[in-house]
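A.B. asks: Sharing a structure, written as structure tokens. Questions coming.
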Amino acid sequence: MVDPYALYETMARIRSFETAASKLLAQTRIGGFLHLSIGQEAVAVGVCAALRRDDLISSTHRGHGHCIAKGGTVERMMAEMFGRESGYCKGRAGSLHIADPNAGILGANAIVGGGLPMGVGAALSAQVRGSDQVSAVFFGEGAVAEGVFHECLNLAGLWRLPVVFVCEHNSWAEMTPVTTHLAAPDVEEFAVPYRIASEVADGNDVLVVHDAASRAVARARAGEGPTLLVCRTYRWRGHFEGDPATYRDPDELAAWQERDPLRALREVLVAEDTSAAARLDALDAEAERAVQRAVEAAEAEPPAPVGTVVEDVYRAPLAIHGGAHA
Amino acid sequence: MPELKYWQAIRSALRDEMARDERVLVLGEDVAQPGGPFGATKGLLDEFGPSRVRDTPISEAAIMGAALGAAMTGLRPVAEIMFLDFMTLAADQLVNQAAKVSWMSGGRFHVPLVVRTICGNRRGTGPQHAQSLEAWLAHVPGLKVVWPSSPGDAYGLLKTAIRDDDPVVVVESLALWGSRGPVDEGADVPLGTAAVRQPGGDLTVAAWGATVPVALDAARHLADEGIGVEVVDVRSISPLDEATILASVAKTGRLVVVHDAVSPAGVGAEIAALAAGQGFDTLRAPVVRVTAPFAPVPFAKHLETAYYPQADDVVAAARRVLER
Ligand SMILES: Cc1ncc(C[n+]2csc(CCOP(=O)(O)OP(=O)(O)O)c2C)c(N)n1
């Protein structure tokens, strides 16, 4: 049985992390492209809670939640946002590229659909190595229009690979609504032609997501092949921080904010147990403190040394360095 | 002559060409209703309607291929691939198909296709939104590649590209997006022409896109010391305006090439080979390239600043060349 307080704690940590990141960007204490998943936390947390530490995920441009839920630390993530060497990418690649082999995070990704094939590859690897690891691949419904989505479902279906395709269906791809970009907006329908299992879950109910993901993961682990799991949800913020999101109806946002995944779980827990509220408040406060500590530590660290930019391009440095910087 | 911002000049060229020629259509991600990811297609949907101004799904291969097919059958599409990095997703239809159609069909099909794309260099966009891949494109027979550095050229080159009967990739710099300049709607900017941005007698600095302002900065700095730098805005990567580059080198005897791409197998090497070959007798010093180091583009501001050539780097290179 999954501990709902643990689910809440992780969602609270994601919410705190992203709320802090938004402020830091507005204050120009950090820079770069920032895409937040506030409002979508239940998908990341529900799915990752169904995974083991040695299972793998591949993520997206909206990946902070996935990385935290899979076991990435807010310290190293925040250090990355600040361009510090203790960050997950040694401060060089930023929010869009958080990766951690120890936590089974193949990487966030700045290319729409870019994480799908490598996630399928991780499942292939598990199958070939005879491991029972499972690979979960996160993507937005926008990625369904990319050819790789279809190539991956076909391949995973053909080879019965242990992969869970997790579609975070938030109905918007940048400034364009799903009805303008998908001929079949109900993404779960694509499971049919590729003959794989499908699940549809309320993406704002972490318990429902977790149940659906657990079934999908169990099938994958048992060698029964892939599942397409579609979670309907909504992003509260603009596509990226700084996007005023004038293209969408404020009522649409307000309706989804009524269904805040953290508040929804809180209501369930409080209805069961009157002491839950205090416990959840404490989790909220601790999440904020943890993120605050991470911000302070990251800010105190010096910027990553400039010379490190040319490191790690290859496993062993090239004897002849191709650069021609005067 | 109106003063426009870089992105407004792009919009103007699209508008003018769509009004002039009903075969021109615009398709890409977020280009219609939202008016473009960065505003360059604002108003086109209202003026020209949903048949000619189309929001596409996130399907770069299909965008490129659909534009190619339309170009082969009577239209003159302008396809937008949001960032140059995403050209890799459209590479089959561009490189294997569009570029070769004229040749493979014995000249019976033509491909009046324009691909607009943005390079996010110098804008904190990181390793998958800021690559300078112009050398990849310029290496393909059948493609033309231009990269405007000013609003005037953003207008003029796009207009000429739309009127051209071959596939042209127009790379735009996000770093220049808000820069202002005069736009002469009557002037032609032919493909395959470079422009001397500033005359000088001691040294030639060749640059394009967002490195042109860097080269001009360096030139101002050196002018204070009495050194005359001739800044050549290459702007047409393919075909290259060999004559203008060679004429400048013949005058100065010294050449520094600045680009934001990495150096190995890059366009700077091509220009250096031109100078060392046809320009051999006029060269008085080795050609020097000032480029990014051989690594992906970092996102962190301080790393990005160190990564890209800055005016100081160009000045240092110029001094080395002038010592000879
Ligand atoms: C190959 C590619 N094409 C286009 C983009 C630009 N882009 C970034 S995010 C995005 C929308 C993605 O929508 P979706 O997959 O639904 O994810 P969401 O942003 O809603 O989480 C687009 C078009 C990109 N990064 N990569």
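For the structure tokens, the naming scheme is as follows: chains receive sequential letters (A, B, ...) according to their order of presentation, residues are indexed from 1 within each chain, and ligands are indexed from 1 in presentation order.
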Can you pull out the residues contacting B:Gly69? Cut-off 12 Å, using only C-alpha atoms, and skip same-chain residues under 4 positions away; I want them as a tab-separated table (two decimals) with N, CA and C atoms, in the first residue's frame.
C.D. replies:
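Dumped everything to selection.tsv:
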chain	number	residue	atom	x	y	z
B	62	ALA	N	6.71	16.44	-40.96
B	62	ALA	CA	5.52	16.65	-41.79
B	62	ALA	C	5.41	18.10	-42.26
B	63	ILE	N	5.82	19.03	-41.43
B	63	ILE	CA	5.80	20.45	-41.85
B	63	ILE	C	6.70	20.60	-43.08
B	64	MET	N	7.92	20.08	-42.96
B	64	MET	CA	8.87	20.24	-44.05
B	64	MET	C	8.39	19.51	-45.30
B	65	GLY	N	7.92	18.30	-45.11
B	65	GLY	CA	7.49	17.50	-46.26
B	65	GLY	C	6.25	18.08	-46.92
B	73	THR	N	4.18	21.58	-56.40
B	73	THR	CA	2.91	21.55	-57.12
B	73	THR	C	2.23	22.92	-57.15
B	74	GLY	N	3.03	23.95	-57.25
B	74	GLY	CA	2.44	25.24	-57.59
B	74	GLY	C	2.39	26.29	-56.50
B	75	LEU	N	2.71	25.95	-55.27
B	75	LEU	CA	2.68	26.97	-54.22
B	75	LEU	C	4.10	27.40	-53.87
B	76	ARG	N	4.18	28.46	-53.06
B	76	ARG	CA	5.48	28.96	-52.63
B	76	ARG	C	5.45	29.07	-51.11
B	77	PRO	N	5.56	27.92	-50.44
B	77	PRO	CA	5.37	27.90	-48.99
B	77	PRO	C	6.56	28.48	-48.21
B	79	ALA	N	7.79	27.66	-44.65
B	79	ALA	CA	7.62	26.79	-43.50
B	79	ALA	C	8.46	27.32	-42.35
B	93	GLN	N	13.22	15.27	-45.03
B	93	GLN	CA	12.48	15.99	-46.06
B	93	GLN	C	13.27	17.17	-46.63
B	94	LEU	N	14.13	17.74	-45.82
B	94	LEU	CA	14.93	18.88	-46.30
B	94	LEU	C	16.16	18.40	-47.08
B	97	GLN	N	15.32	14.99	-49.55
B	97	GLN	CA	14.26	15.22	-50.54
B	97	GLN	C	14.37	16.62	-51.17
B	98	ALA	N	13.97	17.65	-50.42
B	98	ALA	CA	13.84	18.99	-51.02
B	98	ALA	C	15.10	19.44	-51.76
B	101	VAL	N	15.49	17.43	-55.23
B	101	VAL	CA	14.39	17.22	-56.17
B	101	VAL	C	14.70	17.80	-57.55
B	109	PHE	N	11.20	19.30	-61.82
B	109	PHE	CA	10.54	19.88	-60.65
B	109	PHE	C	11.43	20.98	-60.07
B	110	HIS	N	10.77	22.02	-59.57
B	110	HIS	CA	11.50	23.04	-58.83
B	110	HIS	C	10.89	23.17	-57.45
B	111	VAL	N	11.68	23.65	-56.52
B	111	VAL	CA	11.22	23.69	-55.14
B	111	VAL	C	11.34	25.12	-54.58
B	112	PRO	N	10.35	25.96	-54.89
B	112	PRO	CA	10.38	27.32	-54.34
B	112	PRO	C	9.92	27.33	-52.89
B	113	LEU	N	10.77	26.80	-52.05
B	113	LEU	CA	10.43	26.59	-50.64
B	113	LEU	C	11.33	27.46	-49.78
A.B. asks: Just want the residues within 7 Å of ligand 1, written as a VMD selection string, counting only C-alpha atoms and all ligand atoms.
C.D. replies: (chain A and resid 61 to 62 110 to 113 139 to 143 168 to 174 239) or (chain B and resid 29 58 60 82 86 89)
A.B. asks: May I have the residues of chain B within 8 Å of chain A, counting only C-alpha atoms, written as a count of residues only?
C.D. replies: 42
A.B. asks: Mind checking DSSP for stretch 8-213 of chain B and telling me the alpha helix (DSSP H) residues as a PyMOL selection string?
C.D. replies: chain B and resi 8-20+44-48+60-72+91+101-104+134-138+151-163+212-213
A.B. asks: Extract the full set of strand (DSSP E or B) residues from stretch 7-213 of chain B according to DSSP on the backbone, and format it as a PyMOL selection string.
C.D. replies: chain B and resi 24-28+53-55+76-83+114-119+144-146+168-173+180-182+195-198+203-207
A.B. asks: Which polymer residues have any atom within 10 Å of an atom of B:Val146, counting only C-alpha atoms, with same-chain residues fewer than 3 positions away left out, as a PyMOL selection string?
C.D. replies: chain B and resi 116+134+138+149+153-154+157-158+161+168-172+191-193+208-209+234-240
